[in-house]
Structure formats: C-alpha cells, structure tokens
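Shown next: run_11.cif, given as mmCIF, C-alpha atoms.
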```
data_coords
#
loop_
_atom_site.group_PDB
_atom_site.id
_atom_site.type_symbol
_atom_site.label_atom_id
_atom_site.label_comp_id
_atom_site.auth_asym_id
_atom_site.auth_seq_id
_atom_site.Cartn_x
_atom_site.Cartn_y
_atom_site.Cartn_z
ATOM 1 C CA SER X 1 27.488 -19.522 0.077
ATOM 2 C CA GLU X 2 24.309 -20.038 -1.934
ATOM 3 C CA ILE X 3 22.312 -20.824 1.200
ATOM 4 C CA LYS X 4 23.745 -17.742 2.906
ATOM 5 C CA PHE X 5 22.815 -15.592 -0.105
ATOM 6 C CA PHE X 6 19.310 -17.065 -0.228
ATOM 7 C CA LEU X 7 18.724 -16.535 3.496
ATOM 8 C CA SER X 8 20.041 -12.970 3.466
ATOM 9 C CA TRP X 9 18.012 -11.982 0.398
ATOM 10 C CA GLY X 10 14.951 -13.901 1.599
ATOM 11 C CA GLY X 11 15.327 -12.415 5.078
ATOM 12 C CA ILE X 12 15.229 -8.888 3.693
ATOM 13 C CA ALA X 13 12.127 -9.751 1.657
ATOM 14 C CA TYR X 14 10.531 -11.371 4.706
ATOM 15 C CA PHE X 15 11.064 -8.333 6.921
ATOM 16 C CA ALA X 16 9.834 -5.994 4.182
ATOM 17 C CA ASN X 17 6.607 -8.016 3.953
ATOM 18 C CA PHE X 18 6.348 -8.351 7.738
ATOM 19 C CA PHE X 19 6.644 -4.583 8.249
ATOM 20 C CA GLN X 20 4.050 -4.089 5.513
ATOM 21 C CA PHE X 21 1.694 -6.562 7.183
ATOM 22 C CA LEU X 22 1.996 -4.673 10.480
ATOM 23 C CA CYS X 23 1.254 -1.394 8.672
ATOM 24 C CA TYR X 24 -1.990 -2.897 7.378
ATOM 25 C CA ARG X 25 -3.035 -4.295 10.764
ATOM 26 C CA LEU X 26 -1.880 -1.818 13.421
ATOM 27 C CA ASP X 27 -4.672 0.630 12.722
ATOM 28 C CA PHE X 28 -7.207 -2.204 13.196
ATOM 29 C CA TRP X 29 -5.846 -2.851 16.687
ATOM 30 C CA PHE X 30 -5.815 0.852 17.568
ATOM 31 C CA VAL X 31 -9.361 1.381 16.245
ATOM 32 C CA GLU X 32 -10.707 -1.606 18.160
ATOM 33 C CA PHE X 33 -9.000 -0.490 21.367
ATOM 34 C CA TYR X 34 -10.073 3.177 21.236
ATOM 35 C CA SER X 35 -13.337 3.080 19.253
ATOM 36 C CA GLY X 36 -14.787 -0.409 19.644
ATOM 37 C CA LEU X 37 -15.899 -3.211 17.363
ATOM 38 C CA GLU X 38 -18.639 -1.299 15.551
ATOM 39 C CA ALA X 39 -16.175 1.362 14.410
ATOM 40 C CA LEU X 40 -13.714 -1.370 13.489
ATOM 41 C CA GLY X 41 -16.321 -3.009 11.235
ATOM 42 C CA ILE X 42 -16.921 0.252 9.381
ATOM 43 C CA TYR X 43 -13.216 0.975 9.109
ATOM 44 C CA SER X 44 -12.252 -2.543 7.998
ATOM 45 C CA LEU X 45 -14.787 -2.425 5.159
ATOM 46 C CA SER X 46 -13.083 0.688 3.767
ATOM 47 C CA VAL X 47 -9.619 -0.837 4.094
ATOM 48 C CA ASN X 48 -10.710 -4.050 2.362
ATOM 49 C CA LEU X 49 -12.225 -2.065 -0.496
ATOM 50 C CA ILE X 50 -8.971 -0.126 -0.886
ATOM 51 C CA GLN X 51 -7.005 -3.378 -1.039
ATOM 52 C CA ILE X 52 -9.258 -4.494 -3.913
ATOM 53 C CA PHE X 53 -8.180 -1.272 -5.630
ATOM 54 C CA TRP X 54 -4.566 -2.552 -5.453
ATOM 55 C CA LEU X 55 -5.287 -5.851 -7.234
ATOM 56 C CA LEU X 56 -4.337 -4.385 -10.620
ATOM 57 C CA PRO X 57 -0.834 -3.160 -9.694
ATOM 58 C CA ASN X 58 -0.217 -6.282 -7.576
ATOM 59 C CA SER X 59 -1.092 -8.545 -10.502
ATOM 60 C CA ILE X 60 1.160 -6.597 -12.846
ATOM 61 C CA SER X 61 4.073 -6.638 -10.392
ATOM 62 C CA VAL X 62 3.854 -10.449 -10.084
ATOM 63 C CA VAL X 63 4.170 -10.792 -13.873
ATOM 64 C CA LEU X 64 6.780 -8.042 -14.104
ATOM 65 C CA PHE X 65 9.217 -9.453 -11.534
ATOM 66 C CA PRO X 66 10.495 -12.457 -13.596
ATOM 67 C CA TYR X 67 10.975 -10.236 -16.652
ATOM 68 C CA LEU X 68 12.924 -7.665 -14.671
ATOM 69 C CA SER X 69 15.079 -10.378 -13.071
ATOM 70 C CA GLU X 70 16.616 -11.392 -16.404
ATOM 71 C CA LYS X 71 20.221 -10.295 -16.879
ATOM 72 C CA ASN X 72 19.901 -7.849 -19.723
ATOM 73 C CA ASN X 73 19.936 -4.081 -20.229
ATOM 74 C CA THR X 74 19.117 -2.504 -16.847
ATOM 75 C CA LYS X 75 18.548 0.913 -18.412
ATOM 76 C CA LEU X 76 15.954 -0.543 -20.787
ATOM 77 C CA LYS X 77 14.221 -2.348 -17.912
ATOM 78 C CA GLU X 78 14.152 0.894 -15.938
ATOM 79 C CA GLU X 79 12.601 2.766 -18.866
ATOM 80 C CA LYS X 80 9.945 0.083 -19.355
ATOM 81 C CA THR X 81 9.153 0.094 -15.636
ATOM 82 C CA LEU X 82 8.704 3.872 -15.686
ATOM 83 C CA ILE X 83 6.432 3.676 -18.741
ATOM 84 C CA LEU X 84 4.399 0.915 -17.129
ATOM 85 C CA GLY X 85 4.275 2.954 -13.920
ATOM 86 C CA ARG X 86 2.818 5.936 -15.774
ATOM 87 C CA ILE X 87 0.176 3.705 -17.374
ATOM 88 C CA ILE X 88 -0.736 2.174 -14.001
ATOM 89 C CA PHE X 89 -0.850 5.609 -12.363
ATOM 90 C CA THR X 90 -3.197 6.926 -15.078
ATOM 91 C CA MET X 91 -5.486 3.898 -14.792
ATOM 92 C CA LEU X 92 -5.589 4.091 -10.992
ATOM 93 C CA ALA X 93 -6.246 7.838 -11.100
ATOM 94 C CA PHE X 94 -9.145 7.285 -13.519
ATOM 95 C CA ILE X 95 -10.658 4.406 -11.529
ATOM 96 C CA GLY X 96 -10.017 6.299 -8.293
ATOM 97 C CA THR X 97 -11.847 9.395 -9.536
ATOM 98 C CA ILE X 98 -14.898 7.309 -10.416
ATOM 99 C CA ALA X 99 -14.700 5.526 -7.050
ATOM 100 C CA LEU X 100 -14.410 8.853 -5.226
ATOM 101 C CA ILE X 101 -17.552 10.182 -6.902
ATOM 102 C CA THR X 102 -19.641 7.027 -6.479
ATOM 103 C CA SER X 103 -18.341 5.534 -3.201
ATOM 104 C CA SER X 104 -21.159 6.753 -0.967
ATOM 105 C CA LEU X 105 -23.841 5.482 -3.322
ATOM 106 C CA LEU X 106 -22.169 2.125 -4.015
ATOM 107 C CA ILE X 107 -21.262 1.336 -0.400
ATOM 108 C CA THR X 108 -24.807 2.092 0.724
ATOM 109 C CA PHE X 109 -26.247 0.002 -2.126
ATOM 110 C CA PHE X 110 -24.035 -3.065 -1.560
ATOM 111 C CA TYR X 111 -23.586 -2.984 2.227
ATOM 112 C CA GLY X 112 -26.576 -1.032 3.538
ATOM 113 C CA LYS X 113 -27.098 2.231 5.398
ATOM 114 C CA ASP X 114 -25.278 0.936 8.474
ATOM 115 C CA PHE X 115 -22.011 1.150 6.522
ATOM 116 C CA ALA X 116 -22.690 4.476 4.781
ATOM 117 C CA SER X 117 -20.183 6.274 7.021
ATOM 118 C CA SER X 118 -17.384 4.065 5.709
ATOM 119 C CA SER X 119 -17.452 6.004 2.422
ATOM 120 C CA SER X 120 -15.724 8.995 4.043
ATOM 121 C CA VAL X 121 -12.985 6.708 5.379
ATOM 122 C CA PHE X 122 -12.702 5.071 1.954
ATOM 123 C CA ASN X 123 -12.344 8.450 0.233
ATOM 124 C CA ILE X 124 -9.531 9.523 2.565
ATOM 125 C CA LEU X 125 -7.668 6.270 1.963
ATOM 126 C CA LEU X 126 -8.322 6.428 -1.765
ATOM 127 C CA ILE X 127 -6.386 9.661 -2.270
ATOM 128 C CA SER X 128 -3.087 8.078 -1.198
ATOM 129 C CA SER X 129 -3.859 4.718 -2.785
ATOM 130 C CA VAL X 130 -3.095 5.905 -6.310
ATOM 131 C CA PRO X 131 0.612 6.618 -5.672
ATOM 132 C CA TYR X 132 0.799 3.671 -3.273
ATOM 133 C CA GLY X 133 -0.489 1.325 -5.982
ATOM 134 C CA LEU X 134 2.187 2.699 -8.298
ATOM 135 C CA ILE X 135 5.043 1.809 -5.978
ATOM 136 C CA THR X 136 4.034 -1.856 -6.095
ATOM 137 C CA VAL X 137 5.353 -1.847 -9.649
ATOM 138 C CA TYR X 138 8.505 0.040 -8.650
ATOM 139 C CA ALA X 139 9.079 -2.375 -5.758
ATOM 140 C CA SER X 140 9.268 -5.226 -8.286
ATOM 141 C CA PHE X 141 11.989 -3.363 -10.157
ATOM 142 C CA LEU X 142 13.966 -2.771 -6.970
ATOM 143 C CA ALA X 143 13.676 -6.396 -5.851
ATOM 144 C CA ALA X 144 14.563 -7.768 -9.285
ATOM 145 C CA ASN X 145 17.687 -5.622 -9.429
ATOM 146 C CA GLY X 146 19.098 -6.499 -6.023
ATOM 147 C CA MET X 147 17.778 -3.405 -4.240
ATOM 148 C CA GLN X 148 15.369 -5.231 -1.938
ATOM 149 C CA ILE X 149 16.833 -3.326 1.005
ATOM 150 C CA LYS X 150 15.088 -0.176 -0.291
ATOM 151 C CA ASN X 151 11.760 -2.002 -0.174
ATOM 152 C CA MET X 152 12.474 -3.042 3.414
ATOM 153 C CA ARG X 153 13.404 0.517 4.387
ATOM 154 C CA ALA X 154 10.224 1.841 2.762
ATOM 155 C CA SER X 155 8.125 -0.715 4.657
ATOM 156 C CA PHE X 156 9.905 0.161 7.909
ATOM 157 C CA LEU X 157 9.293 3.880 7.310
ATOM 158 C CA GLY X 158 5.621 3.070 6.741
ATOM 159 C CA LEU X 159 5.489 1.036 9.939
ATOM 160 C CA ILE X 160 7.105 3.719 12.103
ATOM 161 C CA SER X 161 4.915 6.477 10.677
ATOM 162 C CA THR X 162 1.811 4.286 11.139
ATOM 163 C CA ILE X 163 2.628 3.650 14.800
ATOM 164 C CA ILE X 164 3.241 7.338 15.535
ATOM 165 C CA LEU X 165 0.263 8.658 13.571
ATOM 166 C CA ASP X 166 -2.145 5.999 14.858
ATOM 167 C CA ALA X 167 -1.152 6.778 18.441
ATOM 168 C CA LEU X 168 -1.669 10.500 17.855
ATOM 169 C CA MET X 169 -4.798 10.504 15.704
ATOM 170 C CA ILE X 170 -6.990 7.503 16.517
ATOM 171 C CA PRO X 171 -7.643 8.273 20.213
ATOM 172 C CA LYS X 172 -8.883 11.752 19.297
ATOM 173 C CA TYR X 173 -10.466 11.314 15.847
ATOM 174 C CA GLY X 174 -11.429 7.624 15.707
ATOM 175 C CA ILE X 175 -11.729 5.996 12.286
ATOM 176 C CA ILE X 176 -11.278 9.300 10.453
ATOM 177 C CA GLY X 177 -7.973 9.715 12.289
ATOM 178 C CA ALA X 178 -7.049 6.133 11.361
ATOM 179 C CA ALA X 179 -7.786 6.860 7.703
ATOM 180 C CA PHE X 180 -5.634 9.997 7.718
ATOM 181 C CA ALA X 181 -2.848 8.188 9.579
ATOM 182 C CA SER X 182 -2.795 5.355 7.035
ATOM 183 C CA SER X 183 -3.075 7.755 4.138
ATOM 184 C CA ILE X 184 -0.098 9.824 5.317
ATOM 185 C CA SER X 185 1.883 6.617 5.894
ATOM 186 C CA TYR X 186 1.119 5.457 2.334
ATOM 187 C CA PHE X 187 2.250 8.833 0.984
ATOM 188 C CA LEU X 188 5.525 8.737 2.913
ATOM 189 C CA THR X 189 6.253 5.205 1.720
ATOM 190 C CA SER X 190 5.435 6.184 -1.868
ATOM 191 C CA ILE X 191 7.674 9.254 -1.748
ATOM 192 C CA TYR X 192 10.558 7.208 -0.354
ATOM 193 C CA VAL X 193 10.334 4.557 -3.092
ATOM 194 C CA ILE X 194 9.829 7.031 -5.932
ATOM 195 C CA PHE X 195 12.643 9.438 -4.990
ATOM 196 C CA THR X 196 15.367 7.086 -3.712
#
```
Once more with this new file: its structure as structure tokens, please.
Amino acid sequence: SEIKFFLSWGGIAYFANFFQFLCYRLDFWFVEFYSGLEALGIYSLSVNLIQIFWLLPNSISVVLFPYLSEKNNTKLKEEKTLILGRIIFTMLAFIGTIALITSSLLITFFYGKDFASSSSVFNILLISSVPYGLITVYASFLAANGMQIKNMRASFLGLISTIILDALMIPKYGIIGAAFASSISYFLTSIYVIFT
C-alpha cells in the first residue's frame, strides 16, 4: 500500500513537472521550425533571463515545502503561505519594474547589439512572470497538503494553451508571437492556481 501511494503521488508530481517542461520547450521547437536558429538564439536568451527571475520564488518554495508538510494547523499554514506570497509578489514586481526599464540597456551591454532585439521579447515575458513566480510558492502549499493534482492540472492547462497559442502565433509573428503565447499561458496557469 505504501508503494502504491508513493507511485501514485510521485506519478502525479512527475506528470506535473513533465507538462511544465514541455511548456518551457515547445516554443523553442516552434520558433526554430518557423523562424530559424538565429531567431531561436535571440528568443532563448530572453527565456533564460526570465528563468533567472524565478530563482527567488523557486528557492523559497524548496525551503517552504518541508515546513508545510508537517501535520499541524492547516489554516495557519495557509495564512503564512498567503503572507509569504504577497511578499514574493511585491519583491518580484519591484525587481520586474527595474528589469523592464533597464532590459534594453543591460542586454545590449552584456550580450552585444546582436541580441538587442531580445529585450522586447524579455519585456513581454516579464509581465506574466510576476504572477507566475508567485504560484511557485502556492504550488508548494498544494503539494504539501495532498493537492498535487491541482498542480498537475495547472501544468496541463499551461501545456494545452502553449500548444494552441504557439501554433497560432509563432508562424505569423515569430519570436514576438512566441513571447505573447508563453506569457498568456503563464497567466492562465497562474489564474488557475490562484483561484482554485
């Protein structure tokens, strides 16, 4: 029974992470196919910079998960998660505002003029990355309290929306379409986790 429980719970976590991985990679495949390797290089730089932006909430969620897994007052844990979420959201919004203002200058300075166009892609992705970073913390709460299925559903929603939006937007708008497709997918995933 313990093995069955472990495999079922671990399987849900695996598929949630697998769907998330596909969300992060599908746009790369679409961009390469429709726009070529040069566009992919510009786009991938922006995506990698956005993922650096998520290091803070990811680090906090790793530390938060064991605490939330303890069998004590669920209401108190929920309140603390919400407070921590508001703090993370405020920090990400502050850092994101600075990044939005300085992205063009910093990307050109660190990566050269050849990558200057990636700042517009970065800015589009950045707008949805603030709420998306927040749900990393909420996902820890859900997983720690036996609601991992919600994380899997959110990841699956993100995957489906990414496939549809990439197919519609990348052939016509290239990397800008990819950025909007990913950004909308992040928003939909965030809304699902926050309001369910």
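Using the PyMOL selection byres ((chain X and resi 169-173) around 10) on the file at hand returns these residues: Asp27, Phe30, Val31, Glu32, Phe33, Tyr34, Ser35, Ile164, Leu165, Asp166, Ala167, Leu168, Gly174, Ile175, Ile176, Gly177, Ala178, Ala179, Phe180 and Ala181 of chain X.
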Can you turn the PyMOL selection byres ((chain X and resi 85) around 12) into a concrete residue list for this file, as a ChimeraX atom specification? /X:56-57,60-61,64,77-84,86-93,130-141,194
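Note that the spacing between CA of Ile50 in chain X and CA of Phe122 in chain X amounts to 7.0 Å.
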Applying the PyMOL selection byres ((chain X and resi 157) around 9) to the file I just gave you, which residues come out? Please list them as a ChimeraX atom specification. /X:19,152-156,158-162,185,188-189,192
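Between Ala13 in chain X and the candidates X:Asn151, X:Ser183, X:Ser190, X:Asn58, the tightest atom-to-atom separation, counting only C-alpha atoms, involves X:Asn151.
You will find CA of Thr196 in chain X at 22.9 Å from CA of Tyr24 in chain X.
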Skipping near chain neighbours, those fewer than 4 positions away, what residues fall within 10 Å of Glu70 in chain X using only C-alpha atoms, listed as number ranges by chain? X: 65-66, 74, 77, 144-145
Emit the selected residues as a CSV table (one decimal), in the coordinates of the input, including C-alpha atoms.
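Now in out_33.csv:
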```csv
chain,number,residue,atom,x,y,z
X,65,PHE,CA,9.2,-9.5,-11.5
X,66,PRO,CA,10.5,-12.5,-13.6
X,74,THR,CA,19.1,-2.5,-16.8
X,77,LYS,CA,14.2,-2.3,-17.9
X,144,ALA,CA,14.6,-7.8,-9.3
X,145,ASN,CA,17.7,-5.6,-9.4
```
Measure the distance from CA of Ser120 in chain X to CA of Cys23 in chain X in Å and round it to one decimal. 20.4 Å
Point out the residue among X:Ser128, X:Ser59, X:Thr108, X:Ser46 with the least atom-to-atom distance to Phe187 in chain X, counting only C-alpha atoms. X:Ser128
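The residue that comes closest to Trp29 in chain X, out of X:Ile3, X:Ile163, X:Ile101, X:Ala16 and on the basis of only C-alpha atoms, is X:Ile163.
Counting only C-alpha atoms and comparing X:Ala116, X:Leu126, X:Val193, X:Leu22, the residue that lies closest to Ile42 in chain X is X:Ala116.
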The centre and edge lengths of an axis-aligned box containing all atoms of range 86-98 of chain X present in the file, extended by 4 Å on each side, are to be given in Å to one decimal, as lines of an AutoDock Vina configuration file.
```
center_x = -6.0
center_y = 5.8
center_z = -12.8
size_x = 25.7
size_y = 15.2
size_z = 17.1
```
Which one is closest to Ser103 in chain X: X:Gly36, X:Leu26, X:Val121, X:Gln51? Count all atoms listed in the file. X:Val121
Dump as an mmCIF file with C-alpha atoms, in the coordinates of the input all residues having an atom at most 10 Å from (-16.3, 8.3, -4.2), computed in the file's coordinates with only C-alpha atoms.
```cif
data_model
loop_
_atom_site.group_PDB
_atom_site.id
_atom_site.type_symbol
_atom_site.label_atom_id
_atom_site.label_comp_id
_atom_site.auth_asym_id
_atom_site.auth_seq_id
_atom_site.Cartn_x
_atom_site.Cartn_y
_atom_site.Cartn_z
ATOM 1 C CA GLY X 96 -10.017 6.299 -8.293
ATOM 2 C CA THR X 97 -11.847 9.395 -9.536
ATOM 3 C CA ILE X 98 -14.898 7.309 -10.416
ATOM 4 C CA ALA X 99 -14.700 5.526 -7.050
ATOM 5 C CA LEU X 100 -14.410 8.853 -5.226
ATOM 6 C CA ILE X 101 -17.552 10.182 -6.902
ATOM 7 C CA THR X 102 -19.641 7.027 -6.479
ATOM 8 C CA SER X 103 -18.341 5.534 -3.201
ATOM 9 C CA SER X 104 -21.159 6.753 -0.967
ATOM 10 C CA LEU X 105 -23.841 5.482 -3.322
ATOM 11 C CA LEU X 106 -22.169 2.125 -4.015
ATOM 12 C CA ILE X 107 -21.262 1.336 -0.400
ATOM 13 C CA SER X 119 -17.452 6.004 2.422
ATOM 14 C CA SER X 120 -15.724 8.995 4.043
ATOM 15 C CA PHE X 122 -12.702 5.071 1.954
ATOM 16 C CA ASN X 123 -12.344 8.450 0.233
ATOM 17 C CA ILE X 124 -9.531 9.523 2.565
ATOM 18 C CA LEU X 126 -8.322 6.428 -1.765
#
```
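For the choices X:Ile191, X:Ile184, X:Val62, X:Ile52, the atom-to-atom distance to Ile127 in chain X is smallest for X:Ile184 when using all atoms listed in the file.
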Atom completion result for range 133-144 of chain X (all heavy atoms) as a PDB file, keeping the file's coordinate frame:
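Written output follows (selection_1.pdb):
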```pdb
ATOM      1  N   GLY X 133      -0.355   2.418  -5.016  1.00  0.00           N
ATOM      2  CA  GLY X 133      -0.489   1.325  -5.982  1.00  0.00           C
ATOM      3  C   GLY X 133       0.645   1.348  -6.998  1.00  0.00           C
ATOM      4  O   GLY X 133       1.135   0.307  -7.433  1.00  0.00           O
ATOM      5  N   LEU X 134       1.086   2.539  -7.349  1.00  0.00           N
ATOM      6  CA  LEU X 134       2.187   2.699  -8.298  1.00  0.00           C
ATOM      7  C   LEU X 134       3.487   2.107  -7.769  1.00  0.00           C
ATOM      8  O   LEU X 134       4.239   1.459  -8.505  1.00  0.00           O
ATOM      9  CB  LEU X 134       2.369   4.190  -8.599  1.00  0.00           C
ATOM     10  CG  LEU X 134       3.582   4.621  -9.407  1.00  0.00           C
ATOM     11  CD1 LEU X 134       3.501   4.056 -10.821  1.00  0.00           C
ATOM     12  CD2 LEU X 134       3.679   6.132  -9.441  1.00  0.00           C
ATOM     13  N   ILE X 135       3.756   2.280  -6.488  1.00  0.00           N
ATOM     14  CA  ILE X 135       5.043   1.809  -5.978  1.00  0.00           C
ATOM     15  C   ILE X 135       5.132   0.287  -5.901  1.00  0.00           C
ATOM     16  O   ILE X 135       6.216  -0.259  -5.763  1.00  0.00           O
ATOM     17  CB  ILE X 135       5.399   2.432  -4.611  1.00  0.00           C
ATOM     18  CG1 ILE X 135       4.448   1.956  -3.527  1.00  0.00           C
ATOM     19  CG2 ILE X 135       5.489   3.930  -4.701  1.00  0.00           C
ATOM     20  CD1 ILE X 135       5.013   2.128  -2.134  1.00  0.00           C
ATOM     21  N   THR X 136       4.000  -0.395  -6.013  1.00  0.00           N
ATOM     22  CA  THR X 136       4.034  -1.856  -6.095  1.00  0.00           C
ATOM     23  C   THR X 136       4.815  -2.288  -7.325  1.00  0.00           C
ATOM     24  O   THR X 136       5.595  -3.236  -7.284  1.00  0.00           O
ATOM     25  CB  THR X 136       2.594  -2.419  -6.160  1.00  0.00           C
ATOM     26  OG1 THR X 136       1.851  -1.913  -5.052  1.00  0.00           O
ATOM     27  CG2 THR X 136       2.585  -3.926  -6.124  1.00  0.00           C
ATOM     28  N   VAL X 137       4.620  -1.561  -8.414  1.00  0.00           N
ATOM     29  CA  VAL X 137       5.353  -1.847  -9.649  1.00  0.00           C
ATOM     30  C   VAL X 137       6.827  -1.502  -9.472  1.00  0.00           C
ATOM     31  O   VAL X 137       7.711  -2.272  -9.854  1.00  0.00           O
ATOM     32  CB  VAL X 137       4.746  -1.053 -10.832  1.00  0.00           C
ATOM     33  CG1 VAL X 137       5.548  -1.263 -12.107  1.00  0.00           C
ATOM     34  CG2 VAL X 137       3.301  -1.459 -11.046  1.00  0.00           C
ATOM     35  N   TYR X 138       7.109  -0.361  -8.870  1.00  0.00           N
ATOM     36  CA  TYR X 138       8.505   0.040  -8.650  1.00  0.00           C
ATOM     37  C   TYR X 138       9.219  -0.906  -7.685  1.00  0.00           C
ATOM     38  O   TYR X 138      10.414  -1.155  -7.826  1.00  0.00           O
ATOM     39  CB  TYR X 138       8.565   1.472  -8.116  1.00  0.00           C
ATOM     40  CG  TYR X 138       8.146   2.524  -9.118  1.00  0.00           C
ATOM     41  CD1 TYR X 138       7.875   3.825  -8.717  1.00  0.00           C
ATOM     42  CD2 TYR X 138       8.005   2.224 -10.470  1.00  0.00           C
ATOM     43  CE1 TYR X 138       7.492   4.799  -9.628  1.00  0.00           C
ATOM     44  CE2 TYR X 138       7.623   3.190 -11.374  1.00  0.00           C
ATOM     45  CZ  TYR X 138       7.362   4.475 -10.958  1.00  0.00           C
ATOM     46  OH  TYR X 138       6.983   5.426 -11.854  1.00  0.00           O
ATOM     47  N   ALA X 139       8.484  -1.434  -6.712  1.00  0.00           N
ATOM     48  CA  ALA X 139       9.079  -2.375  -5.758  1.00  0.00           C
ATOM     49  C   ALA X 139       9.550  -3.638  -6.466  1.00  0.00           C
ATOM     50  O   ALA X 139      10.573  -4.223  -6.088  1.00  0.00           O
ATOM     51  CB  ALA X 139       8.083  -2.713  -4.660  1.00  0.00           C
ATOM     52  N   SER X 140       8.832  -4.063  -7.497  1.00  0.00           N
ATOM     53  CA  SER X 140       9.268  -5.226  -8.286  1.00  0.00           C
ATOM     54  C   SER X 140      10.590  -4.947  -8.977  1.00  0.00           C
ATOM     55  O   SER X 140      11.473  -5.803  -9.024  1.00  0.00           O
ATOM     56  CB  SER X 140       8.213  -5.592  -9.333  1.00  0.00           C
ATOM     57  OG  SER X 140       7.116  -6.194  -8.735  1.00  0.00           O
ATOM     58  N   PHE X 141      10.732  -3.739  -9.511  1.00  0.00           N
ATOM     59  CA  PHE X 141      11.989  -3.363 -10.157  1.00  0.00           C
ATOM     60  C   PHE X 141      13.139  -3.385  -9.159  1.00  0.00           C
ATOM     61  O   PHE X 141      14.221  -3.915  -9.442  1.00  0.00           O
ATOM     62  CB  PHE X 141      11.868  -1.976 -10.796  1.00  0.00           C
ATOM     63  CG  PHE X 141      13.158  -1.465 -11.371  1.00  0.00           C
ATOM     64  CD1 PHE X 141      13.560  -1.856 -12.639  1.00  0.00           C
ATOM     65  CD2 PHE X 141      13.975  -0.616 -10.639  1.00  0.00           C
ATOM     66  CE1 PHE X 141      14.761  -1.406 -13.174  1.00  0.00           C
ATOM     67  CE2 PHE X 141      15.173  -0.158 -11.163  1.00  0.00           C
ATOM     68  CZ  PHE X 141      15.573  -0.554 -12.431  1.00  0.00           C
ATOM     69  N   LEU X 142      12.916  -2.811  -7.986  1.00  0.00           N
ATOM     70  CA  LEU X 142      13.966  -2.771  -6.970  1.00  0.00           C
ATOM     71  C   LEU X 142      14.369  -4.184  -6.540  1.00  0.00           C
ATOM     72  O   LEU X 142      15.563  -4.496  -6.445  1.00  0.00           O
ATOM     73  CB  LEU X 142      13.498  -1.962  -5.755  1.00  0.00           C
ATOM     74  CG  LEU X 142      13.264  -0.469  -5.986  1.00  0.00           C
ATOM     75  CD1 LEU X 142      12.665   0.179  -4.745  1.00  0.00           C
ATOM     76  CD2 LEU X 142      14.550   0.238  -6.390  1.00  0.00           C
ATOM     77  N   ALA X 143      13.387  -5.030  -6.294  1.00  0.00           N
ATOM     78  CA  ALA X 143      13.676  -6.396  -5.851  1.00  0.00           C
ATOM     79  C   ALA X 143      14.390  -7.185  -6.936  1.00  0.00           C
ATOM     80  O   ALA X 143      15.337  -7.932  -6.663  1.00  0.00           O
ATOM     81  CB  ALA X 143      12.381  -7.098  -5.455  1.00  0.00           C
ATOM     82  N   ALA X 144      13.967  -7.018  -8.180  1.00  0.00           N
ATOM     83  CA  ALA X 144      14.563  -7.768  -9.285  1.00  0.00           C
ATOM     84  C   ALA X 144      15.990  -7.340  -9.581  1.00  0.00           C
ATOM     85  O   ALA X 144      16.762  -8.096 -10.174  1.00  0.00           O
ATOM     86  CB  ALA X 144      13.703  -7.605 -10.541  1.00  0.00           C
TER      87      ALA X 144
END
```
